[in-house]
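J.: Sharing a structure with you now.
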Amino acid sequence: MVLNSSIFTMSKIKKELKLTFGLKYIFISVLCMLILFMTGEAYIDNDLKSHSIGELLLLGCKDIYRTNRTSSLYIFDVAFSNWVFVFVPIFSCIGFIIAFHSERESGYIRNVLMREKNISYVILKAVSCALYSGTVCVLSYAIFALICKMSLQPISRYLNDANIKMLYGTISSYYVLRLLGAFLYGMYCGALTFLVMSVFNDKYILLTFPIMINYLYDMTITKMQKKALGSQNHKFFEKIEIFNMKSLLTLRNNKNWWCTCALFVLVYLIAIVIMIINIKTRRDSGDYS
């Protein structure tokens with residue numbers, strides 16, 4: 001199938017991005033992500049009591065704790081875990097979900113499809129979803145990195161240069177790769193949301209199904225990896241790691257990251273096909289709500 005040059009014009013792209021990237025939605029998404037980062041575990045004190053990242057940032061370390069686990073780089077590293085992975089699919093895409101659902105509910109989508117081709121409309125939506133979810137993740141993580149650097153001690157206070165290089169490489173490259181990984185992981189979360197939106201229209205399903213799918217998927221991958229480690233089948237573990245979307249956050253040690261990216265791109269392509277089919281079968285009736 002050959003797409004003519006008029007399908008993707010700069011004006012259409014700008015209009016689509018302006019529709020999705022509302023400052024209010026970006027602010028809400030980033031704020032929710034920052035709150036999630038604060039819920040992660042920062043360290044365990046001498047009394048074996050767990051302290052959250054938020055507690056560490058607000059109150060500081062209550063013990064004389066000479067360890068890299070309270071450094072800015074370590075806290076930045078461990079923040080993207082636990083509840084963050086559970087709720088990223090919704091918070092990273094909330095603006096896109098609201099904007100797209102409003103189009104369907106108001107009937108505006110009918111007017112759009114009268115002027116544009118189905119294929120161009122759906123592809124632009126997929127690109128918009130990927131960019132929005134990736135941007136929210138990397139922007140939230142970058143702001144969190146600044147908060148850590150302003151509030152916590154640098155890792156150089158706890159480790160010498162040789163140990164830092166062994167664990168992280170150069171600090172600047174570690175931050176860059178970690179943020180790039182957050183962007184890619186956000187795009188994956190967007191793929192789940194876009195897939196659900198290609199099948200369902202109910203806003204409550206749109207807000208819950210991506211979380212459920214991501215949770216079940218992560219749980220399945222984790223169980224398979226534990227089984228591989230238990231049987232000491234390292235080759236199988238490496239193959240399963242390709243399907244582990246969390247591995248996108250460790251690009252420095254992940255030589256097969258491009259295969260993982262190809263998987264969520266495939267999800268986008270499947271969702272695009274499904275959405276095009278649904279639009280074609282329901283276009284005459286105008287039933288998009």
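Ordering of the structure tokens sets the chain letters (A, B, ...); residue numbers start at 1 within each chain; ligands are numbered from 1 in the order shown.
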With a cut-off of 7 Å, could you pull out the residues of segment 53-95 of chain A touching segment 138-156 of chain A and give me the nearest pair of atoms for each, distance in Å to one decimal, using only C-alpha atoms, ordered by chain and ascending number, as a tab-separated table?

T.:
```
residue	atom	partner	partner_atom	distance
A:Leu57	CA	A:Ser151	CA	6.3
A:Asn68	CA	A:Ile155	CA	5.9
A:Ser71	CA	A:Ile155	CA	5.0
A:Ser72	CA	A:Cys148	CA	4.9
A:Leu73	CA	A:Ile155	CA	6.1
A:Phe76	CA	A:Ala145	CA	5.9
```

J.: Neighbours of Leu269 of chain A within 10 Å (only C-alpha atoms; same-chain residues fewer than 6 positions away dropped), as number ranges by chain?

T.: A: 123, 126, 191, 195, 263, 275

J.: Have a look at A:Tyr121, A:Leu58, A:Leu34, A:Arg69 and name the one nearest to Cys137 of chain A; count only C-alpha atoms.

T.: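 Closest candidate: A:Leu34.
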
J.: Using DSSP assignments from the backbone, pull out every residue in segment 17-151 of chain A that falls under strand (DSSP E or B) and give it to me as a PDB file with N, CA, C and O atoms, in the first residue's frame.

T.:
```pdb
ATOM      1  N   GLU A  41      11.224   2.438  47.979  1.00  0.00           N
ATOM      2  CA  GLU A  41      12.052   2.246  49.177  1.00  0.00           C
ATOM      3  C   GLU A  41      13.437   2.836  48.950  1.00  0.00           C
ATOM      4  O   GLU A  41      14.116   2.503  47.985  1.00  0.00           O
ATOM      5  N   ALA A  42      13.860   3.704  49.874  1.00  0.00           N
ATOM      6  CA  ALA A  42      15.184   4.324  49.761  1.00  0.00           C
ATOM      7  C   ALA A  42      16.248   3.477  50.477  1.00  0.00           C
ATOM      8  O   ALA A  42      17.269   3.122  49.885  1.00  0.00           O
ATOM      9  N   TYR A  43      16.008   3.152  51.735  1.00  0.00           N
ATOM     10  CA  TYR A  43      16.984   2.376  52.493  1.00  0.00           C
ATOM     11  C   TYR A  43      16.301   1.755  53.709  1.00  0.00           C
ATOM     12  O   TYR A  43      15.177   2.111  54.063  1.00  0.00           O
ATOM     13  N   ILE A  44      17.003   0.835  54.341  1.00  0.00           N
ATOM     14  CA  ILE A  44      16.552   0.197  55.590  1.00  0.00           C
ATOM     15  C   ILE A  44      17.551   0.582  56.674  1.00  0.00           C
ATOM     16  O   ILE A  44      18.760   0.405  56.506  1.00  0.00           O
ATOM     17  N   SER A  50      12.053   0.225  57.108  1.00  0.00           N
ATOM     18  CA  SER A  50      12.143   0.724  55.738  1.00  0.00           C
ATOM     19  C   SER A  50      11.760   2.198  55.666  1.00  0.00           C
ATOM     20  O   SER A  50      10.812   2.637  56.323  1.00  0.00           O
ATOM     21  N   HIS A  51      12.495   2.966  54.871  1.00  0.00           N
ATOM     22  CA  HIS A  51      12.227   4.387  54.689  1.00  0.00           C
ATOM     23  C   HIS A  51      12.026   4.669  53.202  1.00  0.00           C
ATOM     24  O   HIS A  51      12.806   4.216  52.360  1.00  0.00           O
ATOM     25  N   SER A  52      10.976   5.400  52.889  1.00  0.00           N
ATOM     26  CA  SER A  52      10.648   5.692  51.496  1.00  0.00           C
ATOM     27  C   SER A  52      11.537   6.798  50.927  1.00  0.00           C
ATOM     28  O   SER A  52      12.196   7.532  51.679  1.00  0.00           O
ATOM     29  N   SER A  71      22.662   8.125  48.171  1.00  0.00           N
ATOM     30  CA  SER A  71      23.214   9.099  47.221  1.00  0.00           C
ATOM     31  C   SER A  71      22.162   9.450  46.167  1.00  0.00           C
ATOM     32  O   SER A  71      21.196   8.717  45.952  1.00  0.00           O
TER      33      SER A  71
END
```

J.: Identify, on the basis of only C-alpha atoms, every residue whose closest approach to Trp257 of chain A does not exceed 12 Å; exclude the query and any residue fewer than 5 positions from it along the same chain; express the result as a short mmCIF file (atom, residue, chain, number, x, y, z; two decimals) with N, CA and C atoms, in the first residue's frame.

T.:
```cif
data_model
loop_
_atom_site.label_atom_id
_atom_site.label_comp_id
_atom_site.auth_asym_id
_atom_site.auth_seq_id
_atom_site.Cartn_x
_atom_site.Cartn_y
_atom_site.Cartn_z
N LEU A 177 21.50 7.38 29.38
CA LEU A 177 20.95 6.08 28.98
C LEU A 177 19.73 5.71 29.81
N LEU A 180 16.87 7.80 28.47
CA LEU A 180 16.45 7.25 27.18
C LEU A 180 15.63 5.99 27.39
N GLY A 181 16.06 5.16 28.34
CA GLY A 181 15.30 3.95 28.66
C GLY A 181 13.92 4.27 29.18
N LEU A 184 11.70 5.08 26.24
CA LEU A 184 11.30 3.87 25.52
C LEU A 184 10.27 3.07 26.32
N TYR A 185 10.46 3.00 27.64
CA TYR A 185 9.49 2.28 28.47
C TYR A 185 8.14 2.99 28.44
N GLU A 238 18.20 -15.35 29.02
CA GLU A 238 18.54 -14.24 28.11
C GLU A 238 17.45 -14.04 27.06
N LYS A 239 16.87 -15.14 26.61
CA LYS A 239 15.79 -15.03 25.62
C LYS A 239 14.55 -14.37 26.24
N GLU A 241 14.56 -12.34 28.69
CA GLU A 241 14.88 -10.95 29.01
C GLU A 241 14.52 -10.01 27.85
N ILE A 242 14.52 -10.53 26.64
CA ILE A 242 14.12 -9.73 25.48
C ILE A 242 12.67 -9.28 25.63
N PHE A 243 11.84 -10.12 26.23
CA PHE A 243 10.43 -9.81 26.41
C PHE A 243 10.16 -9.01 27.69
N ASN A 244 11.20 -8.78 28.48
CA ASN A 244 11.06 -8.03 29.72
C ASN A 244 11.17 -6.54 29.41
N MET A 245 10.04 -5.83 29.41
CA MET A 245 10.04 -4.42 29.05
C MET A 245 10.79 -3.55 30.06
N LYS A 246 10.91 -4.03 31.29
CA LYS A 246 11.65 -3.27 32.29
C LYS A 246 13.13 -3.18 31.93
N SER A 247 13.61 -4.11 31.12
CA SER A 247 15.01 -4.12 30.73
C SER A 247 15.36 -2.91 29.86
N LEU A 248 14.34 -2.21 29.35
CA LEU A 248 14.60 -1.01 28.56
C LEU A 248 15.25 0.09 29.41
N LEU A 249 15.06 -0.01 30.72
CA LEU A 249 15.64 1.00 31.62
C LEU A 249 17.11 0.75 31.90
N THR A 250 17.64 -0.37 31.44
CA THR A 250 19.05 -0.71 31.65
C THR A 250 19.73 -0.90 30.30
N LEU A 251 19.68 0.11 29.48
CA LEU A 251 20.24 0.01 28.12
C LEU A 251 21.74 -0.26 28.13
N ARG A 252 22.43 0.24 29.15
CA ARG A 252 23.88 0.06 29.22
C ARG A 252 24.27 -1.40 29.25
N ALA A 262 11.33 -3.57 19.25
CA ALA A 262 10.60 -4.09 18.11
C ALA A 262 9.29 -4.75 18.55
N LEU A 263 9.28 -5.33 19.75
CA LEU A 263 8.08 -5.98 20.25
C LEU A 263 6.96 -4.98 20.51
N PHE A 264 7.29 -3.84 21.16
CA PHE A 264 6.20 -2.89 21.42
C PHE A 264 5.81 -2.13 20.15
#
```

J.: May I have the residues within 12 Å of segment 207-219 of chain A as a PyMOL selection string, using only C-alpha atoms and disregarding those fewer than 2 positions away in the same chain?

T.: chain A and resi 82-98+101+185+188-197+199-205+221-226+240-241+243-247

J.: Could you jot down the atom CA of Arg178 of chain A to atom CA of Asn253 of chain A separation for me, Å, one decimal place?

T.: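 Atom-to-atom, atom CA of Arg178 of chain A and atom CA of Asn253 of chain A are spaced 10.9 Å apart.
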
J.: Nearest residue to Phe80 of chain A out of A:Ser128, A:Asn118, A:Ser102, A:Thr39, using only C-alpha atoms?

T.: A:Thr39

J.: Please compute the atom CA of Gly22 of chain A-atom CA of Val136 of chain A distance, one decimal, in Å.

T.: 11.7 Å

J.: Work out how far atom CA of Ser133 of chain A is from atom CA of Tyr25 of chain A, in Å to one decimal.

T.: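 It comes out at 11.4 Å.
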
J.: Run DSSP on the backbone and grab whatever in segment 59-251 of chain A lands in helix (DSSP H, G or I); send it over as a PyMOL selection string.

T.: chain A and resi 59+68-70+72-78+83-91+94-106+108-115+118-151+155-157+161-168+171-199+203-230+234-242+245-251
